[in-house]
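With TSV, C-alpha atoms inside, this is start-v3.tsv:
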chain	number	residue	atom	x	y	z
A	1	MET	CA	-28.00	-6.94	-5.12
A	2	ASN	CA	-28.34	-4.14	-2.66
A	3	GLU	CA	-24.80	-2.81	-2.21
A	4	THR	CA	-25.42	-1.84	1.40
A	5	ASP	CA	-26.66	-5.34	2.29
A	6	ALA	CA	-23.64	-6.97	0.66
A	7	ASP	CA	-21.34	-4.48	2.33
A	8	LYS	CA	-22.83	-5.09	5.76
A	9	LEU	CA	-22.80	-8.86	5.34
A	10	LEU	CA	-19.15	-8.92	4.27
A	11	ARG	CA	-18.07	-6.50	6.96
A	12	ASP	CA	-19.76	-8.67	9.61
A	13	LEU	CA	-18.34	-11.90	8.23
A	14	PHE	CA	-14.80	-10.56	8.01
A	15	LYS	CA	-15.11	-9.17	11.52
A	16	GLU	CA	-16.26	-12.55	12.85
A	17	ALA	CA	-13.64	-14.53	10.97
A	18	GLY	CA	-10.75	-12.19	11.87
A	19	PRO	CA	-7.25	-12.62	10.49
A	20	PHE	CA	-5.47	-15.94	10.06
A	21	SER	CA	-3.42	-16.90	13.08
A	22	ALA	CA	0.26	-16.63	12.28
A	23	PRO	CA	2.12	-19.93	12.73
A	24	ASP	CA	3.59	-20.59	16.17
A	25	GLY	CA	7.10	-19.28	16.54
A	26	LEU	CA	6.85	-16.87	13.62
A	27	ASP	CA	7.97	-13.97	15.84
A	28	ALA	CA	11.03	-15.84	17.00
A	29	ARG	CA	12.01	-16.83	13.48
A	30	ILE	CA	11.64	-13.25	12.24
A	31	LEU	CA	13.63	-11.83	15.15
A	32	GLN	CA	16.32	-14.46	14.60
A	33	ARG	CA	16.67	-13.35	10.97
A	34	ILE	CA	16.64	-9.69	11.95
A	35	ALA	CA	19.42	-10.24	14.47
A	36	VAL	CA	21.82	-11.03	11.62
A	37	THR	CA	20.40	-8.47	9.18
A	38	PRO	CA	22.17	-5.14	8.70
A	39	ARG	CA	19.87	-2.15	8.80
A	40	THR	CA	20.20	0.74	6.37
A	41	ALA	CA	21.84	3.58	8.23
A	42	ILE	CA	19.77	6.71	8.57
A	43	ALA	CA	21.60	9.41	6.63
A	44	ILE	CA	20.53	12.92	7.55
A	45	GLU	CA	20.82	15.05	4.46
A	46	ARG	CA	21.86	18.56	5.33
A	47	PRO	CA	21.04	21.40	2.92
A	48	LEU	CA	23.94	22.68	0.85
A	49	LEU	CA	23.49	26.19	2.28
A	50	PRO	CA	22.49	26.60	5.91
A	51	THR	CA	19.32	28.52	6.72
A	52	TRP	CA	21.11	31.58	8.11
A	53	ILE	CA	22.84	32.17	4.74
A	54	TRP	CA	19.44	32.19	3.03
A	55	VAL	CA	18.08	34.65	5.58
A	56	ILE	CA	21.02	37.05	5.15
A	57	SER	CA	20.79	36.77	1.36
A	58	ALA	CA	17.06	37.53	1.46
A	59	VAL	CA	17.62	40.59	3.63
A	60	LEU	CA	20.37	41.85	1.30
A	61	VAL	CA	18.22	41.34	-1.80
A	62	ALA	CA	15.27	43.06	-0.13
A	63	GLY	CA	17.59	45.93	0.81
A	64	VAL	CA	18.88	46.38	-2.72
A	65	VAL	CA	15.41	46.17	-4.25
A	66	PHE	CA	13.28	48.15	-1.83
A	67	VAL	CA	15.51	50.70	-0.10
A	68	PRO	CA	14.79	53.99	-1.81
A	69	GLY	CA	17.66	55.86	-3.44
A	70	GLY	CA	18.60	59.46	-2.85
A	71	ALA	CA	16.81	62.53	-4.15
A	72	GLY	CA	16.64	62.55	-7.94
A	73	SER	CA	17.30	58.85	-8.26
A	74	ILE	CA	15.11	56.78	-10.54
A	75	ARG	CA	13.16	53.81	-9.16
A	76	TRP	CA	14.44	50.51	-10.50
A	77	THR	CA	11.02	49.55	-11.82
A	78	ALA	CA	11.20	52.44	-14.27
A	79	GLU	CA	14.30	50.87	-15.80
A	80	LEU	CA	12.59	47.61	-16.67
A	81	PRO	CA	11.91	47.11	-20.37
A	82	SER	CA	8.24	46.91	-21.23
A	83	MET	CA	7.23	43.45	-22.37
A	84	ASP	CA	4.22	41.94	-24.01
A	85	LEU	CA	3.41	39.20	-21.50
A	86	GLY	CA	1.15	37.44	-24.00
A	87	LYS	CA	4.14	36.92	-26.27
A	88	VAL	CA	6.33	35.81	-23.37
A	89	PHE	CA	3.92	33.11	-22.25
A	90	THR	CA	3.37	31.78	-25.77
A	91	SER	CA	7.06	31.77	-26.60
A	92	PRO	CA	8.15	28.40	-28.04
A	93	TRP	CA	11.28	28.56	-25.85
A	94	LEU	CA	9.21	28.80	-22.70
A	95	LEU	CA	6.74	26.13	-23.82
A	96	MET	CA	9.51	23.71	-24.83
A	97	GLY	CA	11.26	24.39	-21.52
A	98	LEU	CA	8.09	23.56	-19.59
A	99	ALA	CA	7.53	20.43	-21.70
A	100	THR	CA	11.10	19.30	-20.97
A	101	CYS	CA	10.61	19.89	-17.24
A	102	ALA	CA	7.38	17.88	-17.29
A	103	ALA	CA	9.10	15.03	-19.17
A	104	LEU	CA	12.00	14.98	-16.69
A	105	PHE	CA	9.66	15.01	-13.68
A	106	GLY	CA	7.67	12.17	-15.28
A	107	LEU	CA	10.83	10.16	-15.87
A	108	ASP	CA	11.93	10.75	-12.28
A	109	ALA	CA	8.56	9.59	-10.92
A	110	TRP	CA	8.63	6.50	-13.15
A	111	LEU	CA	12.16	5.58	-12.05
A	112	ASN	CA	11.14	6.02	-8.40
A	113	THR	CA	8.20	3.65	-8.95
A	114	ARG	CA	10.53	1.07	-10.45
A	115	ARG	CA	12.92	1.47	-7.53
A	116	SER	CA	10.08	0.90	-5.03
A	117	ALA	CA	8.91	-2.14	-6.96
A	118	ALA	CA	12.47	-3.52	-7.05
A	119	LEU	CA	12.68	-3.11	-3.28
A	120	CYS	CA	9.68	-5.39	-2.86
A	121	ARG	CA	10.96	-8.16	-5.12
B	122	MET	CA	13.50	-4.04	21.15
B	123	ALA	CA	10.88	-1.88	19.41
B	124	PHE	CA	10.81	-4.04	16.30
B	125	ALA	CA	9.78	-7.06	18.36
B	126	TRP	CA	6.67	-5.12	19.35
B	127	ILE	CA	5.98	-4.34	15.66
B	128	VAL	CA	6.28	-8.03	14.77
B	129	LYS	CA	3.97	-9.03	17.61
B	130	GLU	CA	1.42	-6.36	16.70
B	131	TYR	CA	1.26	-7.01	12.95
B	132	LYS	CA	2.18	-10.67	12.48
B	133	HIS	CA	-1.40	-11.95	12.09
B	134	LEU	CA	-2.52	-9.26	9.65
B	135	THR	CA	0.70	-9.49	7.66
B	136	TYR	CA	0.41	-13.26	7.47
B	137	THR	CA	-3.23	-12.86	6.39
B	138	VAL	CA	-2.27	-10.58	3.47
B	139	ALA	CA	0.22	-13.20	2.30
B	140	MET	CA	-2.30	-16.01	2.78
B	141	ARG	CA	-4.97	-14.23	0.78
B	142	VAL	CA	-2.59	-13.91	-2.18
B	143	LEU	CA	-0.78	-17.23	-1.96
B	144	ARG	CA	-3.30	-19.58	-0.27
B	145	HIS	CA	-0.44	-21.69	0.95
B	146	ARG	CA	0.70	-21.72	4.57
B	147	GLU	CA	4.43	-22.35	4.16
B	148	GLU	CA	4.78	-19.84	1.34
B	149	ALA	CA	2.72	-17.27	3.24
B	150	GLU	CA	4.95	-17.66	6.29
B	151	GLU	CA	8.03	-17.27	4.14
B	152	VAL	CA	6.61	-14.09	2.61
B	153	ALA	CA	5.59	-12.72	6.02
B	154	GLN	CA	9.13	-13.30	7.29
B	155	ASP	CA	10.66	-11.69	4.19
B	156	ALA	CA	8.32	-8.70	4.51
B	157	PHE	CA	9.32	-8.05	8.12
B	158	VAL	CA	13.01	-8.39	7.28
B	159	LYS	CA	12.65	-5.99	4.32
B	160	ALA	CA	10.75	-3.54	6.51
B	161	TYR	CA	13.50	-3.74	9.15
B	162	GLN	CA	16.23	-3.21	6.55
B	163	ASN	CA	14.45	-0.23	5.05
B	164	LEU	CA	13.02	1.44	8.14
B	165	ALA	CA	15.08	4.50	7.24
B	166	GLY	CA	13.19	4.70	3.96
B	167	TYR	CA	9.79	4.88	5.69
B	168	GLN	CA	8.90	8.52	5.27
B	169	GLY	CA	5.71	8.55	7.32
B	170	GLY	CA	3.69	9.59	4.27
B	171	SER	CA	1.30	6.72	4.91
B	172	LYS	CA	0.40	4.65	7.97
B	173	PHE	CA	3.11	2.23	9.05
B	174	SER	CA	0.70	-0.68	8.59
B	175	THR	CA	-0.02	0.42	5.00
B	176	TRP	CA	3.71	0.51	4.28
B	177	LEU	CA	4.23	-2.92	5.83
B	178	PHE	CA	1.24	-4.47	4.01
B	179	SER	CA	2.48	-2.93	0.77
B	180	ILE	CA	5.81	-4.73	1.15
B	181	THR	CA	3.97	-7.95	2.05
B	182	TYR	CA	1.47	-7.73	-0.82
B	183	ARG	CA	4.12	-7.00	-3.44
B	184	THR	CA	6.43	-9.73	-2.13
B	185	ALA	CA	3.51	-12.19	-2.20
B	186	ILE	CA	2.52	-11.15	-5.74
B	187	SER	CA	6.12	-11.65	-6.92
B	188	LYS	CA	6.12	-15.11	-5.38
B	189	LEU	CA	2.76	-15.91	-6.95
B	190	ARG	CA	4.00	-14.82	-10.39
B	191	ALA	CA	7.18	-16.86	-9.99
B	192	ARG	CA	5.09	-19.87	-9.02
B	193	ARG	CA	2.73	-19.39	-11.97
B	194	ALA	CA	5.66	-19.01	-14.36
B	195	SER	CA	7.58	-22.00	-13.12
B	196	THR	CA	5.02	-24.68	-12.54
B	197	SER	CA	1.46	-25.88	-12.57
B	198	ASP	CA	2.10	-27.59	-9.26
B	199	LEU	CA	-0.29	-28.56	-6.52
B	200	HIS	CA	0.31	-25.24	-4.76
B	201	ASN	CA	-2.16	-23.74	-7.16
B	202	VAL	CA	-4.91	-25.50	-5.32
B	203	PRO	CA	-6.28	-22.98	-2.87
B	204	GLU	CA	-6.09	-24.33	0.65
B	205	THR	CA	-7.67	-21.38	2.37
B	206	PHE	CA	-11.04	-23.02	2.66
B	207	THR	CA	-9.77	-26.36	3.90
B	208	ALA	CA	-7.29	-24.73	6.26
B	209	ARG	CA	-10.10	-23.02	8.11
B	210	SER	CA	-12.67	-25.78	7.88
B	211	ASP	CA	-11.08	-27.93	10.64
B	212	HIS	CA	-12.69	-25.95	13.40
B	213	ASN	CA	-15.84	-24.90	11.68
B	214	ASN	CA	-18.51	-26.14	13.99
B	215	GLY	CA	-21.91	-24.63	14.48
B	216	VAL	CA	-23.44	-21.58	12.95
B	217	LEU	CA	-20.46	-19.29	13.38
B	218	GLY	CA	-18.24	-21.94	11.82
B	219	ASP	CA	-20.60	-22.25	8.89
B	220	ARG	CA	-20.47	-18.54	8.29
B	221	ARG	CA	-16.67	-18.54	8.44
B	222	ALA	CA	-16.45	-21.55	6.19
B	223	ALA	CA	-18.82	-19.94	3.72
B	224	LEU	CA	-16.67	-16.79	3.63
B	225	GLU	CA	-13.47	-18.79	3.09
B	226	TYR	CA	-15.14	-20.82	0.38
B	227	ALA	CA	-16.39	-17.67	-1.36
B	228	LEU	CA	-12.99	-15.97	-1.11
B	229	ALA	CA	-11.35	-19.04	-2.64
B	230	GLN	CA	-13.52	-18.49	-5.74
B	231	LEU	CA	-11.96	-15.06	-6.34
B	232	ALA	CA	-8.64	-14.39	-8.03
B	233	PRO	CA	-5.91	-14.10	-5.35
B	234	GLU	CA	-5.35	-10.40	-6.08
B	235	ASP	CA	-9.08	-9.70	-5.75
B	236	ALA	CA	-9.34	-11.68	-2.51
B	237	ALA	CA	-6.46	-9.63	-1.12
B	238	VAL	CA	-8.10	-6.35	-2.13
B	239	VAL	CA	-11.39	-7.36	-0.48
B	240	SER	CA	-9.55	-8.47	2.65
B	241	LEU	CA	-7.61	-5.20	2.81
B	242	PHE	CA	-10.92	-3.33	2.59
B	243	TYR	CA	-13.04	-5.31	5.03
B	244	LEU	CA	-10.57	-6.94	7.41
B	245	HIS	CA	-7.63	-4.56	7.40
B	246	GLU	CA	-10.08	-1.64	7.18
B	247	GLN	CA	-8.11	0.21	4.53
B	248	ASN	CA	-9.82	2.81	2.37
B	249	VAL	CA	-9.43	2.92	-1.42
B	250	GLU	CA	-6.52	5.34	-1.22
B	251	GLU	CA	-4.64	3.06	1.20
B	252	ILE	CA	-5.34	0.02	-0.97
B	253	VAL	CA	-3.88	1.94	-3.91
B	254	THR	CA	-0.72	2.54	-1.84
B	255	THR	CA	-0.60	-1.07	-0.71
B	256	THR	CA	-1.18	-2.73	-4.07
B	257	GLY	CA	0.07	-0.20	-6.58
B	258	LEU	CA	-3.21	-0.54	-8.50
B	259	LYS	CA	-5.06	2.49	-9.83
B	260	ALA	CA	-7.94	3.82	-7.72
B	261	SER	CA	-10.44	3.12	-10.52
B	262	ASN	CA	-9.13	-0.45	-10.75
B	263	VAL	CA	-9.46	-0.95	-6.99
B	264	LYS	CA	-13.04	0.35	-7.07
B	265	VAL	CA	-13.96	-1.98	-9.94
B	266	LYS	CA	-12.33	-4.95	-8.20
B	267	LEU	CA	-14.16	-4.16	-4.97
B	268	HIS	CA	-17.50	-3.79	-6.71
B	269	ARG	CA	-17.17	-7.01	-8.74
B	270	SER	CA	-15.76	-9.02	-5.84
B	271	ARG	CA	-18.46	-7.78	-3.49
B	272	LYS	CA	-21.15	-8.86	-5.94
B	273	LYS	CA	-19.52	-12.23	-6.60
B	274	LEU	CA	-18.99	-12.95	-2.90
B	275	PHE	CA	-22.55	-11.94	-2.12
B	276	ASP	CA	-23.94	-14.29	-4.81
B	277	ILE	CA	-21.77	-17.22	-3.66
B	278	LEU	CA	-22.59	-16.63	-0.01
B	279	LYS	CA	-26.30	-16.48	-0.78
B	280	GLN	CA	-26.06	-19.90	-2.39
B	281	HIS	CA	-23.90	-21.54	0.25
B	282	MET	CA	-24.94	-20.14	3.56
B	283	LYS	CA	-27.63	-22.03	5.37
B	284	GLU	CA	-31.00	-20.39	5.51
B	285	GLU	CA	-30.87	-19.80	9.28
B	286	VAL	CA	-27.42	-18.27	9.04
B	287	TRP	CA	-28.65	-16.01	6.32
B	288	THR	CA	-31.63	-14.99	8.40
B	289	LEU	CA	-29.42	-14.35	11.43
B	290	ASN	CA	-27.31	-11.97	9.46
B	291	LYS	CA	-30.27	-10.10	8.12
B	292	GLU	CA	-31.46	-9.24	11.61

Could you write out this file's structure as structure tokens?
Amino acid sequence: MNETDADKLLRDLFKEAGPFSAPDGLDARILQRIAVTPRTAIAIERPLLPTWIWVISAVLVAGVVFVPGGAGSIRWTAELPSMDLGKVFTSPWLLMGLATCAALFGLDAWLNTRRSAALCR
Amino acid sequence: MAFAWIVKEYKHLTYTVAMRVLRHREEAEEVAQDAFVKAYQNLAGYQGGSKFSTWLFSITYRTAISKLRARRASTSDLHNVPETFTARSDHNNGVLGDRRAALEYALAQLAPEDAAVVSLFYLHEQNVEEIVTTTGLKASNVKVKLHRSRKKLFDILKQHMKEEVWTLNKE
């Protein structure tokens, strides 16, 4: 079988045949049912903190971090402890934390799939 | 009412998805109705991540599959006899009719799920990604189903279509 031939043939045949005609009065029956069906209200979820609070917080943090101190002051970066990043990234605490996050995200996705499937039953 | 427009626009294609899975007119109508009602009830849940038609066909396909499974579990009744071919054969006159009838006959030889996937691809013009969204199948599974169904349909059509019809199509 040449895949292109089969593809063309089927595309043409489906195009010629078209969809099935819905039974007469289907629209009316659906609209009748909808007329007595409650619709889920659209709930607009607002963020816990409004945007302007985040902007002010960001400006304050940037001010604290980047505004230089007076003469003789020490830059904050000099106060940071030196760390071996290799050890940090291979730390079992970090790895287990990441594994737990991945498991929780997986569980959340799976539960969402089940919820969508339940909706369609 | 905007939803009336949606019903008018999508009723044939929605009914066709249900028919491809169930092959039974009354059950397909019931599923089409249920799908529109579910869509109406859950319009707020439509996030716009996919096309509206894909979302609607997804509800229809899954509702139809649930009904098919319930039917298979409960009975070995006469509904299992596909009526797709006979339903369309009433008005199959002439060459065009023969070609239609041949397609319906060939589709009736596929499993309902496969017939629906093929229909979504060729009639509803969905790509693999959209079929995945509609059916919940994996992309690799959809591709395999499409490949096998295409080959099977092609073989059946080659046997059943009249020579002149075959020639016409080749032109």

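Closest approach to chain B from the set A:Leu60, A:Glu45, A:Thr113, A:Leu85 is made by A:Thr113, with distances taken over all atoms listed in the file.
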
With a cut-off of 9 Å and counting all atoms listed in the file, select all residues of chain B in contact with chain A and give the selection as a short mmCIF file (atom, residue, chain, number, x, y, z; two decimals) with C-alpha atoms, keeping the file's coordinate frame.
data_model
loop_
_atom_site.label_atom_id
_atom_site.label_comp_id
_atom_site.auth_asym_id
_atom_site.auth_seq_id
_atom_site.Cartn_x
_atom_site.Cartn_y
_atom_site.Cartn_z
CA PHE B 124 10.81 -4.04 16.30
CA ALA B 125 9.78 -7.06 18.36
CA VAL B 128 6.28 -8.03 14.77
CA LYS B 129 3.97 -9.03 17.61
CA LYS B 132 2.18 -10.67 12.48
CA HIS B 133 -1.40 -11.95 12.09
CA LEU B 134 -2.52 -9.26 9.65
CA THR B 135 0.70 -9.49 7.66
CA TYR B 136 0.41 -13.26 7.47
CA THR B 137 -3.23 -12.86 6.39
CA VAL B 138 -2.27 -10.58 3.47
CA MET B 140 -2.30 -16.01 2.78
CA ARG B 146 0.70 -21.72 4.57
CA GLU B 150 4.95 -17.66 6.29
CA ALA B 153 5.59 -12.72 6.02
CA GLN B 154 9.13 -13.30 7.29
CA ASP B 155 10.66 -11.69 4.19
CA ALA B 156 8.32 -8.70 4.51
CA PHE B 157 9.32 -8.05 8.12
CA VAL B 158 13.01 -8.39 7.28
CA LYS B 159 12.65 -5.99 4.32
CA TYR B 161 13.50 -3.74 9.15
CA GLN B 162 16.23 -3.21 6.55
CA ASN B 163 14.45 -0.23 5.05
CA LEU B 164 13.02 1.44 8.14
CA ALA B 165 15.08 4.50 7.24
CA GLY B 166 13.19 4.70 3.96
CA SER B 179 2.48 -2.93 0.77
CA ILE B 180 5.81 -4.73 1.15
CA THR B 181 3.97 -7.95 2.05
CA TYR B 182 1.47 -7.73 -0.82
CA ARG B 183 4.12 -7.00 -3.44
CA THR B 184 6.43 -9.73 -2.13
CA ALA B 185 3.51 -12.19 -2.20
CA ILE B 186 2.52 -11.15 -5.74
CA SER B 187 6.12 -11.65 -6.92
CA LYS B 188 6.12 -15.11 -5.38
CA ARG B 209 -10.10 -23.02 8.11
CA LEU B 217 -20.46 -19.29 13.38
CA GLY B 218 -18.24 -21.94 11.82
CA ARG B 220 -20.47 -18.54 8.29
CA ARG B 221 -16.67 -18.54 8.44
CA ALA B 222 -16.45 -21.55 6.19
CA LEU B 224 -16.67 -16.79 3.63
CA GLU B 225 -13.47 -18.79 3.09
CA SER B 240 -9.55 -8.47 2.65
CA PHE B 242 -10.92 -3.33 2.59
CA TYR B 243 -13.04 -5.31 5.03
CA LEU B 244 -10.57 -6.94 7.41
CA HIS B 245 -7.63 -4.56 7.40
CA HIS B 268 -17.50 -3.79 -6.71
CA ARG B 271 -18.46 -7.78 -3.49
CA LYS B 272 -21.15 -8.86 -5.94
CA LEU B 274 -18.99 -12.95 -2.90
CA PHE B 275 -22.55 -11.94 -2.12
CA ASP B 276 -23.94 -14.29 -4.81
CA ASN B 290 -27.31 -11.97 9.46
CA LYS B 291 -30.27 -10.10 8.12
#

Could you give me, as a PDB file with C-alpha atoms, keeping the file's coordinate frame, the residues that have an atom at most 9 Å away from the point (-8.7, -1.8, -8.3) in the coordinates of the file, using all atoms listed in the file?
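Saved as result29.pdb:
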ATOM      1  CA  ASP B 235      -9.080  -9.700  -5.750  1.00  0.00           C
ATOM      2  CA  VAL B 238      -8.100  -6.350  -2.130  1.00  0.00           C
ATOM      3  CA  VAL B 249      -9.430   2.920  -1.420  1.00  0.00           C
ATOM      4  CA  ILE B 252      -5.340   0.020  -0.970  1.00  0.00           C
ATOM      5  CA  VAL B 253      -3.880   1.940  -3.910  1.00  0.00           C
ATOM      6  CA  THR B 256      -1.180  -2.730  -4.070  1.00  0.00           C
ATOM      7  CA  LEU B 258      -3.210  -0.540  -8.500  1.00  0.00           C
ATOM      8  CA  LYS B 259      -5.060   2.490  -9.830  1.00  0.00           C
ATOM      9  CA  ALA B 260      -7.940   3.820  -7.720  1.00  0.00           C
ATOM     10  CA  SER B 261     -10.440   3.120 -10.520  1.00  0.00           C
ATOM     11  CA  ASN B 262      -9.130  -0.450 -10.750  1.00  0.00           C
ATOM     12  CA  VAL B 263      -9.460  -0.950  -6.990  1.00  0.00           C
ATOM     13  CA  LYS B 264     -13.040   0.350  -7.070  1.00  0.00           C
ATOM     14  CA  VAL B 265     -13.960  -1.980  -9.940  1.00  0.00           C
ATOM     15  CA  LYS B 266     -12.330  -4.950  -8.200  1.00  0.00           C
ATOM     16  CA  LEU B 267     -14.160  -4.160  -4.970  1.00  0.00           C
TER      17      LEU B 267
END

Enclose the full set of atoms of stretch 248-262 of chain B listed in the file within a box whose edges lie along x, y and z, apply 3 Å of padding to each of the six sides, and report centre and edge lengths in Å to one decimal as AutoDock Vina command-line options.
--center_x -5.2 --center_y 1.3 --center_z -4.2 --size_x 16.5 --size_y 14.1 --size_z 19.1

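Atom CA of B:Gln230 sits 10.9 Å away from atom CA of B:Leu278.
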
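Atom CA of B:Glu251 lies 22.9 Å from atom CA of B:Trp126.
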
| request: Identify, on the basis of all atoms listed in the file, every residue whose closest approach to B:Ala232 does not exceed 12 Å; exclude the query and any residue fewer than 4 positions from it along the same chain; express the result as a ChimeraX atom specification. | output: /B:141-144,186,189,201,203,227-228,236-239,266,269-270,273-274

| Expressed in Å to a single decimal, how great is the separation between atom CA of A:Ala102 and atom CA of A:Lys87? |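 Interatomic distance here is 21.3 Å.
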